[in-house]
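Peer 1: Just one file: query15.cif, with mmCIF, C-alpha atoms.
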```cif
data_start
loop_
_atom_site.group_PDB
_atom_site.id
_atom_site.type_symbol
_atom_site.label_atom_id
_atom_site.label_comp_id
_atom_site.auth_asym_id
_atom_site.auth_seq_id
_atom_site.Cartn_x
_atom_site.Cartn_y
_atom_site.Cartn_z
ATOM 1 C CA MET A 1251 -6.873 -2.547 7.100
ATOM 2 C CA SER A 1252 -3.948 -4.868 6.531
ATOM 3 C CA ASP A 1253 -0.908 -4.306 8.715
ATOM 4 C CA VAL A 1254 1.350 -5.002 5.719
ATOM 5 C CA GLU A 1255 2.346 -1.758 4.022
ATOM 6 C CA ILE A 1256 4.390 -1.523 0.827
ATOM 7 C CA ILE A 1257 5.955 1.888 0.274
ATOM 8 C CA GLY A 1258 7.275 3.101 -3.073
ATOM 9 C CA LEU A 1259 6.241 4.450 -6.451
ATOM 10 C CA PRO A 1260 3.579 2.073 -7.795
ATOM 11 C CA GLN A 1261 5.053 2.223 -11.315
ATOM 12 C CA SER A 1262 8.383 0.819 -10.127
ATOM 13 C CA ASN A 1263 8.828 -2.692 -11.492
ATOM 14 C CA PHE A 1264 10.259 -3.774 -8.130
ATOM 15 C CA VAL A 1265 7.337 -2.307 -6.164
ATOM 16 C CA TRP A 1266 4.932 -4.031 -8.517
ATOM 17 C CA ALA A 1267 6.821 -7.322 -8.203
ATOM 18 C CA VAL A 1268 6.481 -7.265 -4.423
ATOM 19 C CA ARG A 1269 2.773 -6.450 -4.648
ATOM 20 C CA ILE A 1270 2.262 -9.329 -7.098
ATOM 21 C CA ALA A 1271 3.997 -11.662 -4.642
ATOM 22 C CA LEU A 1272 1.745 -10.523 -1.816
ATOM 23 C CA ALA A 1273 -1.348 -11.012 -3.972
ATOM 24 C CA GLU A 1274 -0.197 -14.507 -4.967
ATOM 25 C CA LYS A 1275 0.036 -15.359 -1.269
ATOM 26 C CA GLY A 1276 -3.423 -13.877 -0.683
ATOM 27 C CA VAL A 1277 -2.046 -11.215 1.659
ATOM 28 C CA ALA A 1278 -3.986 -7.964 1.706
ATOM 29 C CA HIS A 1279 -1.777 -4.915 1.968
ATOM 30 C CA THR A 1280 -1.721 -1.156 1.856
ATOM 31 C CA ALA A 1281 0.215 0.461 -0.980
ATOM 32 C CA THR A 1282 1.675 3.853 -0.097
ATOM 33 C CA SER A 1283 3.142 5.921 -2.918
ATOM 34 C CA ALA A 1284 6.523 7.456 -2.083
ATOM 35 C CA SER A 1285 9.547 8.378 -4.152
ATOM 36 C CA PRO A 1286 13.017 6.933 -3.668
ATOM 37 C CA HIS A 1287 15.012 8.847 -1.039
ATOM 38 C CA SER A 1288 11.845 10.342 0.463
ATOM 39 C CA PRO A 1289 11.591 10.309 4.284
ATOM 40 C CA PRO A 1290 9.253 7.276 4.518
ATOM 41 C CA VAL A 1291 11.686 5.290 2.397
ATOM 42 C CA THR A 1292 14.989 6.401 3.912
ATOM 43 C CA ALA A 1293 13.556 5.670 7.342
ATOM 44 C CA ILE A 1294 13.699 1.986 6.357
ATOM 45 C CA HIS A 1295 16.201 1.548 3.519
ATOM 46 C CA PRO A 1296 19.667 2.976 4.231
ATOM 47 C CA LEU A 1297 20.154 3.817 0.531
ATOM 48 C CA GLY A 1298 16.665 5.182 -0.023
ATOM 49 C CA LYS A 1299 15.608 2.514 -2.530
ATOM 50 C CA VAL A 1300 12.049 1.322 -3.136
ATOM 51 C CA PRO A 1301 10.174 -0.745 -2.243
ATOM 52 C CA VAL A 1302 10.215 -0.886 1.511
ATOM 53 C CA MET A 1303 7.823 -2.749 3.775
ATOM 54 C CA ARG A 1304 6.271 -2.338 7.196
ATOM 55 C CA HIS A 1305 4.635 -5.289 8.925
ATOM 56 C CA GLY A 1306 3.981 -4.587 12.566
ATOM 57 C CA GLU A 1307 7.399 -4.081 14.128
ATOM 58 C CA VAL A 1308 9.191 -5.515 11.094
ATOM 59 C CA THR A 1309 10.626 -3.130 8.519
ATOM 60 C CA LEU A 1310 12.468 -4.287 5.408
ATOM 61 C CA GLY A 1311 14.001 -2.940 2.231
ATOM 62 C CA GLU A 1312 15.111 -4.798 -0.909
ATOM 63 C CA SER A 1313 12.493 -6.659 -2.919
ATOM 64 C CA HIS A 1314 14.236 -10.040 -2.576
ATOM 65 C CA ALA A 1315 14.189 -9.808 1.227
ATOM 66 C CA ILE A 1316 10.567 -8.635 1.257
ATOM 67 C CA ILE A 1317 9.360 -11.418 -1.030
ATOM 68 C CA ASP A 1318 11.231 -14.076 0.953
ATOM 69 C CA TYR A 1319 9.834 -12.722 4.217
ATOM 70 C CA VAL A 1320 6.284 -12.749 2.858
ATOM 71 C CA ASP A 1321 6.752 -16.282 1.522
ATOM 72 C CA ARG A 1322 7.966 -17.580 4.882
ATOM 73 C CA VAL A 1323 5.589 -15.719 7.191
ATOM 74 C CA PHE A 1324 2.261 -16.075 5.409
ATOM 75 C CA PRO A 1325 0.354 -19.170 4.319
ATOM 76 C CA GLY A 1326 -0.585 -19.679 0.711
ATOM 77 C CA PRO A 1327 1.173 -20.969 -2.402
ATOM 78 C CA ALA A 1328 4.942 -21.035 -2.064
ATOM 79 C CA LEU A 1329 6.859 -18.564 -4.238
ATOM 80 C CA VAL A 1330 10.032 -20.616 -3.830
ATOM 81 C CA PRO A 1331 9.765 -24.431 -3.942
ATOM 82 C CA ALA A 1332 10.553 -26.446 -0.837
ATOM 83 C CA ASP A 1333 12.768 -28.838 -2.792
ATOM 84 C CA PRO A 1334 16.349 -27.538 -2.516
ATOM 85 C CA SER A 1335 17.286 -28.121 -6.148
ATOM 86 C CA ALA A 1336 14.099 -26.535 -7.478
ATOM 87 C CA ALA A 1337 14.555 -23.631 -5.061
ATOM 88 C CA ALA A 1338 18.104 -23.134 -6.303
ATOM 89 C CA VAL A 1339 16.863 -22.889 -9.897
ATOM 90 C CA VAL A 1340 14.317 -20.242 -8.868
ATOM 91 C CA ASP A 1341 17.014 -18.337 -6.991
ATOM 92 C CA MET A 1342 19.366 -18.534 -9.978
ATOM 93 C CA TRP A 1343 16.826 -17.193 -12.458
ATOM 94 C CA ALA A 1344 15.549 -14.518 -10.103
ATOM 95 C CA SER A 1345 19.141 -13.340 -9.735
ATOM 96 C CA ILE A 1346 19.680 -13.375 -13.512
ATOM 97 C CA VAL A 1347 16.531 -11.357 -14.122
ATOM 98 C CA VAL A 1348 17.205 -8.810 -11.380
ATOM 99 C CA SER A 1349 20.968 -8.351 -11.523
ATOM 100 C CA THR A 1350 21.709 -8.865 -15.228
ATOM 101 C CA MET A 1351 18.588 -8.373 -17.354
ATOM 102 C CA GLU A 1352 16.734 -5.645 -15.469
ATOM 103 C CA PRO A 1353 19.529 -3.045 -15.611
ATOM 104 C CA VAL A 1354 19.569 -3.280 -19.420
ATOM 105 C CA LEU A 1355 15.877 -3.809 -20.126
ATOM 106 C CA ILE A 1356 14.606 -1.180 -17.679
ATOM 107 C CA ARG A 1357 17.424 1.134 -16.592
ATOM 108 C CA GLN A 1358 19.000 1.483 -20.038
ATOM 109 C CA PHE A 1359 16.339 0.718 -22.638
ATOM 110 C CA LEU A 1360 13.042 1.728 -21.004
ATOM 111 C CA PHE A 1361 14.453 4.738 -19.190
ATOM 112 C CA ALA A 1362 15.641 6.056 -22.575
ATOM 113 C CA TYR A 1363 11.927 6.483 -23.317
ATOM 114 C CA PHE A 1364 10.632 7.691 -19.966
ATOM 115 C CA PHE A 1365 13.654 9.574 -18.604
ATOM 116 C CA PRO A 1366 15.560 10.447 -21.785
ATOM 117 C CA GLY A 1367 17.320 13.594 -20.607
ATOM 118 C CA THR A 1368 17.113 14.982 -24.150
ATOM 119 C CA GLU A 1369 16.529 18.646 -24.897
ATOM 120 C CA TYR A 1370 12.842 18.269 -25.789
ATOM 121 C CA GLY A 1371 12.102 15.091 -23.908
ATOM 122 C CA SER A 1372 12.130 12.894 -27.008
ATOM 123 C CA PRO A 1373 13.320 9.293 -26.662
ATOM 124 C CA ASP A 1374 17.073 8.958 -26.502
ATOM 125 C CA ARG A 1375 17.703 7.016 -29.710
ATOM 126 C CA VAL A 1376 21.380 6.562 -28.970
ATOM 127 C CA ARG A 1377 20.659 4.710 -25.723
ATOM 128 C CA ILE A 1378 17.749 2.789 -27.243
ATOM 129 C CA ASP A 1379 19.708 1.602 -30.265
ATOM 130 C CA ALA A 1380 22.720 0.693 -28.137
ATOM 131 C CA SER A 1381 20.500 -1.466 -25.905
ATOM 132 C CA LEU A 1382 18.750 -3.412 -28.668
ATOM 133 C CA PRO A 1383 21.382 -6.126 -29.332
ATOM 134 C CA VAL A 1384 21.532 -7.073 -25.649
ATOM 135 C CA LEU A 1385 17.745 -6.763 -25.316
ATOM 136 C CA ASN A 1386 17.285 -9.259 -28.136
ATOM 137 C CA THR A 1387 19.883 -11.601 -26.643
ATOM 138 C CA TYR A 1388 18.062 -11.614 -23.308
ATOM 139 C CA LEU A 1389 14.620 -12.108 -24.887
ATOM 140 C CA ASN A 1390 15.988 -15.002 -26.957
ATOM 141 C CA LEU A 1391 17.286 -16.578 -23.755
ATOM 142 C CA LEU A 1392 13.970 -16.117 -21.968
ATOM 143 C CA ASP A 1393 12.009 -17.493 -24.921
ATOM 144 C CA ALA A 1394 14.176 -20.611 -25.068
ATOM 145 C CA THR A 1395 14.159 -21.111 -21.303
ATOM 146 C CA ILE A 1396 10.370 -20.816 -21.129
ATOM 147 C CA ALA A 1397 10.007 -23.200 -24.087
ATOM 148 C CA ALA A 1398 12.202 -25.711 -22.240
ATOM 149 C CA GLY A 1399 10.025 -25.423 -19.120
ATOM 150 C CA THR A 1400 12.847 -24.266 -16.869
ATOM 151 C CA ILE A 1401 10.849 -21.164 -15.895
ATOM 152 C CA GLY A 1402 7.292 -20.107 -16.595
ATOM 153 C CA GLY A 1403 5.580 -23.409 -15.836
ATOM 154 C CA ASN A 1404 2.296 -24.003 -14.061
ATOM 155 C CA VAL A 1405 3.670 -22.872 -10.683
ATOM 156 C CA PHE A 1406 4.041 -19.128 -10.129
ATOM 157 C CA THR A 1407 7.358 -18.280 -8.470
ATOM 158 C CA ARG A 1408 9.461 -15.292 -7.464
ATOM 159 C CA VAL A 1409 10.925 -15.305 -10.990
ATOM 160 C CA ASP A 1410 7.480 -14.562 -12.424
ATOM 161 C CA ALA A 1411 6.880 -11.746 -9.952
ATOM 162 C CA TYR A 1412 10.051 -10.053 -11.184
ATOM 163 C CA LEU A 1413 9.674 -10.852 -14.864
ATOM 164 C CA VAL A 1414 6.062 -9.896 -15.557
ATOM 165 C CA PRO A 1415 6.428 -6.156 -14.796
ATOM 166 C CA ILE A 1416 9.588 -5.946 -16.899
ATOM 167 C CA LEU A 1417 7.970 -7.629 -19.909
ATOM 168 C CA PHE A 1418 4.771 -5.610 -19.503
ATOM 169 C CA TYR A 1419 6.681 -2.347 -19.706
ATOM 170 C CA LEU A 1420 8.842 -3.573 -22.588
ATOM 171 C CA ARG A 1421 5.776 -4.566 -24.591
ATOM 172 C CA ASN A 1422 4.528 -0.980 -24.438
ATOM 173 C CA THR A 1423 7.469 0.276 -26.510
ATOM 174 C CA PRO A 1424 7.706 -0.132 -30.304
ATOM 175 C CA GLU A 1425 10.893 -2.190 -30.266
ATOM 176 C CA GLY A 1426 9.998 -4.172 -27.174
ATOM 177 C CA GLY A 1427 6.511 -4.961 -28.430
ATOM 178 C CA SER A 1428 7.848 -6.260 -31.746
ATOM 179 C CA ALA A 1429 10.596 -8.237 -30.031
ATOM 180 C CA ILE A 1430 8.198 -10.007 -27.666
ATOM 181 C CA ALA A 1431 5.638 -10.653 -30.425
ATOM 182 C CA GLY A 1432 8.322 -12.395 -32.469
ATOM 183 C CA ARG A 1433 9.045 -14.914 -29.725
ATOM 184 C CA PRO A 1434 6.118 -17.338 -29.398
ATOM 185 C CA SER A 1435 6.900 -18.932 -26.047
ATOM 186 C CA LEU A 1436 7.542 -15.563 -24.436
ATOM 187 C CA THR A 1437 4.306 -14.185 -25.912
ATOM 188 C CA VAL A 1438 2.208 -17.064 -24.582
ATOM 189 C CA TYR A 1439 3.912 -16.804 -21.209
ATOM 190 C CA LEU A 1440 3.253 -13.074 -20.870
ATOM 191 C CA GLU A 1441 -0.363 -13.291 -22.037
ATOM 192 C CA ASP A 1442 -1.019 -16.033 -19.497
ATOM 193 C CA ARG A 1443 0.656 -14.214 -16.607
ATOM 194 C CA LEU A 1444 -1.095 -10.921 -17.354
ATOM 195 C CA THR A 1445 -4.471 -12.585 -16.765
ATOM 196 C CA ARG A 1446 -3.612 -13.686 -13.225
ATOM 197 C CA PRO A 1447 -5.610 -11.898 -10.524
ATOM 198 C CA SER A 1448 -2.375 -11.119 -8.668
ATOM 199 C CA VAL A 1449 -1.219 -9.116 -11.683
ATOM 200 C CA THR A 1450 -4.486 -7.454 -12.679
ATOM 201 C CA SER A 1451 -5.331 -6.442 -9.106
ATOM 202 C CA THR A 1452 -1.946 -4.748 -8.588
ATOM 203 C CA MET A 1453 -1.612 -3.116 -12.024
ATOM 204 C CA PRO A 1454 -0.083 0.323 -11.438
ATOM 205 C CA PRO A 1455 -1.645 3.482 -12.859
ATOM 206 C CA PRO A 1456 0.078 5.175 -15.794
ATOM 207 C CA PRO A 1457 2.831 7.606 -14.788
ATOM 208 C CA ALA A 1458 1.522 11.100 -14.082
ATOM 209 C CA GLY A 1459 2.370 13.870 -16.479
#
```
Would you mind writing the structure in this file as structure tokens?
Peer 2:
Amino acid sequence: MSDVEIIGLPQSNFVWAVRIALAEKGVAHTATSASPHSPPVTAIHPLGKVPVMRHGEVTLGESHAIIDYVDRVFPGPALVPADPSAAAVVDMWASIVVSTMEPVLIRQFLFAYFFPGTEYGSPDRVRIDASLPVLNTYLNLLDATIAAGTIGGNVFTRVDAYLVPILFYLRNTPEGGSAIAGRPSLTVYLEDRLTRPSVTSTMPPPPAG
């Protein structure tokens, strides 16, 4: 059994991103399902966020820190280029995806489907409709950036590990599926990334319920 353990809900896009990164590096690991703020998580992350990692005596929270640690400690393809300028571009886009795009695409738009808070559990159309203009702006940006080759090239990086779970979940909604299908570079990118063994081998199960 691997001594790398990733703890968190497998459906979390951040948990999945970390597991994709580990698989890209060829690092076997144990995935332990645990909710945010549960004892196994709060024992490592002071704010109870997932994912968290155990590796021998090393414990870490925050996906960025975990992915960087894995990239530095283990052999295998680099998730961040060695060249400083190329590394800075990866860092910039990873930050854009995580800090700017993810809160809208997942926390606002997708959660309006899966955690709507409506009386009968139906999708929260107010939140969904309010998110769509920004969603389309972000997908336009990604489509153009991929077409230009700035991200999404032949080398898999930390940006991909973050982006693939987000786009996968978006594609499984009516509006998100149509939006991605209407952007050719983004569609080709996602179809290619979804065939990678690192993605297929870590695909989370559907949410229970």
Peer 1: Restricting the calculation to only C-alpha atoms: of A:Glu1255, A:Val1438, A:Met1453, A:Pro1353, which residue gets closest to Glu1307 (chain A)?
Peer 2: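 Using only C-alpha atoms, Glu1307 (chain A) sits closest to A:Glu1255.
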Peer 1: Evaluate the PyMOL selection byres ((chain A and resi 1382) around 12) here and jot the selected residues down as number ranges by chain.
Peer 2: A: 1354-1356, 1358-1360, 1362, 1375-1381, 1383-1389, 1420, 1424-1426, 1428-1429
Peer 1: Give me the residues within 7 Å of Thr1407 (chain A) as an MDAnalysis selection string, counting only C-alpha atoms and dropping any in the same chain fewer than 2 places off.
Peer 2: chainID A and resid 1329:1330 1405 1409:1411
Peer 1: Might you pull out every residue within 12 Å of Leu1392 (chain A), with all atoms listed in the file counted and same-chain residues fewer than 3 positions away left off, and present them as an MDAnalysis selection string?
Peer 2: chainID A and resid 1343 1346:1347 1351 1385:1389 1395:1402 1409:1410 1413:1414 1417 1429:1430 1433:1437 1439:1440
Peer 1: If the PyMOL selection byres ((chain A and resi 1408) around 12) were run on this exact file, what residues would it hold? Put them as JSON, numbers by chain.
Peer 2: {"A": [1264, 1267, 1268, 1269, 1270, 1271, 1272, 1274, 1275, 1313, 1314, 1315, 1316, 1317, 1318, 1319, 1320, 1321, 1327, 1328, 1329, 1330, 1331, 1337, 1338, 1339, 1340, 1341, 1342, 1343, 1344, 1345, 1347, 1348, 1401, 1402, 1405, 1406, 1407, 1409, 1410, 1411, 1412, 1413, 1414]}
Peer 1: Keeping C-alpha atoms, export the residues of the selection given above as a JSON list (two decimals), in the coordinates of the input.
Peer 2:
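Result went into selection.json, see below:
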```json
[["chain", "number", "residue", "atom", "x", "y", "z"],
["A", 1264, "PHE", "CA", 10.26, -3.77, -8.13],
["A", 1267, "ALA", "CA", 6.82, -7.32, -8.20],
["A", 1268, "VAL", "CA", 6.48, -7.26, -4.42],
["A", 1269, "ARG", "CA", 2.77, -6.45, -4.65],
["A", 1270, "ILE", "CA", 2.26, -9.33, -7.10],
["A", 1271, "ALA", "CA", 4.00, -11.66, -4.64],
["A", 1272, "LEU", "CA", 1.74, -10.52, -1.82],
["A", 1274, "GLU", "CA", -0.20, -14.51, -4.97],
["A", 1275, "LYS", "CA", 0.04, -15.36, -1.27],
["A", 1313, "SER", "CA", 12.49, -6.66, -2.92],
["A", 1314, "HIS", "CA", 14.24, -10.04, -2.58],
["A", 1315, "ALA", "CA", 14.19, -9.81, 1.23],
["A", 1316, "ILE", "CA", 10.57, -8.64, 1.26],
["A", 1317, "ILE", "CA", 9.36, -11.42, -1.03],
["A", 1318, "ASP", "CA", 11.23, -14.08, 0.95],
["A", 1319, "TYR", "CA", 9.83, -12.72, 4.22],
["A", 1320, "VAL", "CA", 6.28, -12.75, 2.86],
["A", 1321, "ASP", "CA", 6.75, -16.28, 1.52],
["A", 1327, "PRO", "CA", 1.17, -20.97, -2.40],
["A", 1328, "ALA", "CA", 4.94, -21.04, -2.06],
["A", 1329, "LEU", "CA", 6.86, -18.56, -4.24],
["A", 1330, "VAL", "CA", 10.03, -20.62, -3.83],
["A", 1331, "PRO", "CA", 9.76, -24.43, -3.94],
["A", 1337, "ALA", "CA", 14.56, -23.63, -5.06],
["A", 1338, "ALA", "CA", 18.10, -23.13, -6.30],
["A", 1339, "VAL", "CA", 16.86, -22.89, -9.90],
["A", 1340, "VAL", "CA", 14.32, -20.24, -8.87],
["A", 1341, "ASP", "CA", 17.01, -18.34, -6.99],
["A", 1342, "MET", "CA", 19.37, -18.53, -9.98],
["A", 1343, "TRP", "CA", 16.83, -17.19, -12.46],
["A", 1344, "ALA", "CA", 15.55, -14.52, -10.10],
["A", 1345, "SER", "CA", 19.14, -13.34, -9.74],
["A", 1347, "VAL", "CA", 16.53, -11.36, -14.12],
["A", 1348, "VAL", "CA", 17.20, -8.81, -11.38],
["A", 1401, "ILE", "CA", 10.85, -21.16, -15.90],
["A", 1402, "GLY", "CA", 7.29, -20.11, -16.60],
["A", 1405, "VAL", "CA", 3.67, -22.87, -10.68],
["A", 1406, "PHE", "CA", 4.04, -19.13, -10.13],
["A", 1407, "THR", "CA", 7.36, -18.28, -8.47],
["A", 1409, "VAL", "CA", 10.92, -15.30, -10.99],
["A", 1410, "ASP", "CA", 7.48, -14.56, -12.42],
["A", 1411, "ALA", "CA", 6.88, -11.75, -9.95],
["A", 1412, "TYR", "CA", 10.05, -10.05, -11.18],
["A", 1413, "LEU", "CA", 9.67, -10.85, -14.86],
["A", 1414, "VAL", "CA", 6.06, -9.90, -15.56]]
```
Peer 1: Name the residues that the PyMOL selection byres ((chain A and resi 1448) around 7) pulls out of this structure, and write them as a PyMOL selection string.
Peer 2: chain A and resi 1270+1273-1274+1446-1447+1449-1452
Peer 1: Hey, which of A:Gly1427, A:Gly1298, A:Gly1367, A:His1279 ends up closest to Glu1312 (chain A)? Count only C-alpha atoms.
Peer 2: A:Gly1298
Peer 1: So how many Å separate CA of Gly1311 (chain A) and CA of Arg1421 (chain A), to one decimal?
Peer 2: 28.1 Å
Peer 1: CA of Lys1299 (chain A) and CA of His1287 (chain A) are how many Å apart?
Peer 2: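 Going from CA of Lys1299 (chain A) over to CA of His1287 (chain A) covers 6.5 Å.
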Peer 1: Would you compute an axis-aligned box for region 1422-1434 of chain A, covering every atom listed for it in the file with 5 Å of margin on each side, and report centre and edge lengths in Å to one decimal as AutoDock Vina command-line options?
Peer 2:
```
--center_x 7.7 --center_y -8.5 --center_z -28.5 --size_x 16.4 --size_y 27.6 --size_z 18.0
```
Peer 1: Just how far from CA of Asp1253 (chain A) is CA of Val1265 (chain A), in Å to one decimal?
Peer 2: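 Spanning CA of Val1265 (chain A) to CA of Asp1253 (chain A) is a straight-line distance of 17.1 Å.
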Peer 1: For Tyr1419 (chain A), which of A:Asp1374, A:Glu1352, A:Asp1442, A:Asp1393 is the closest residue, counting all atoms listed in the file?
Peer 2: A:Glu1352
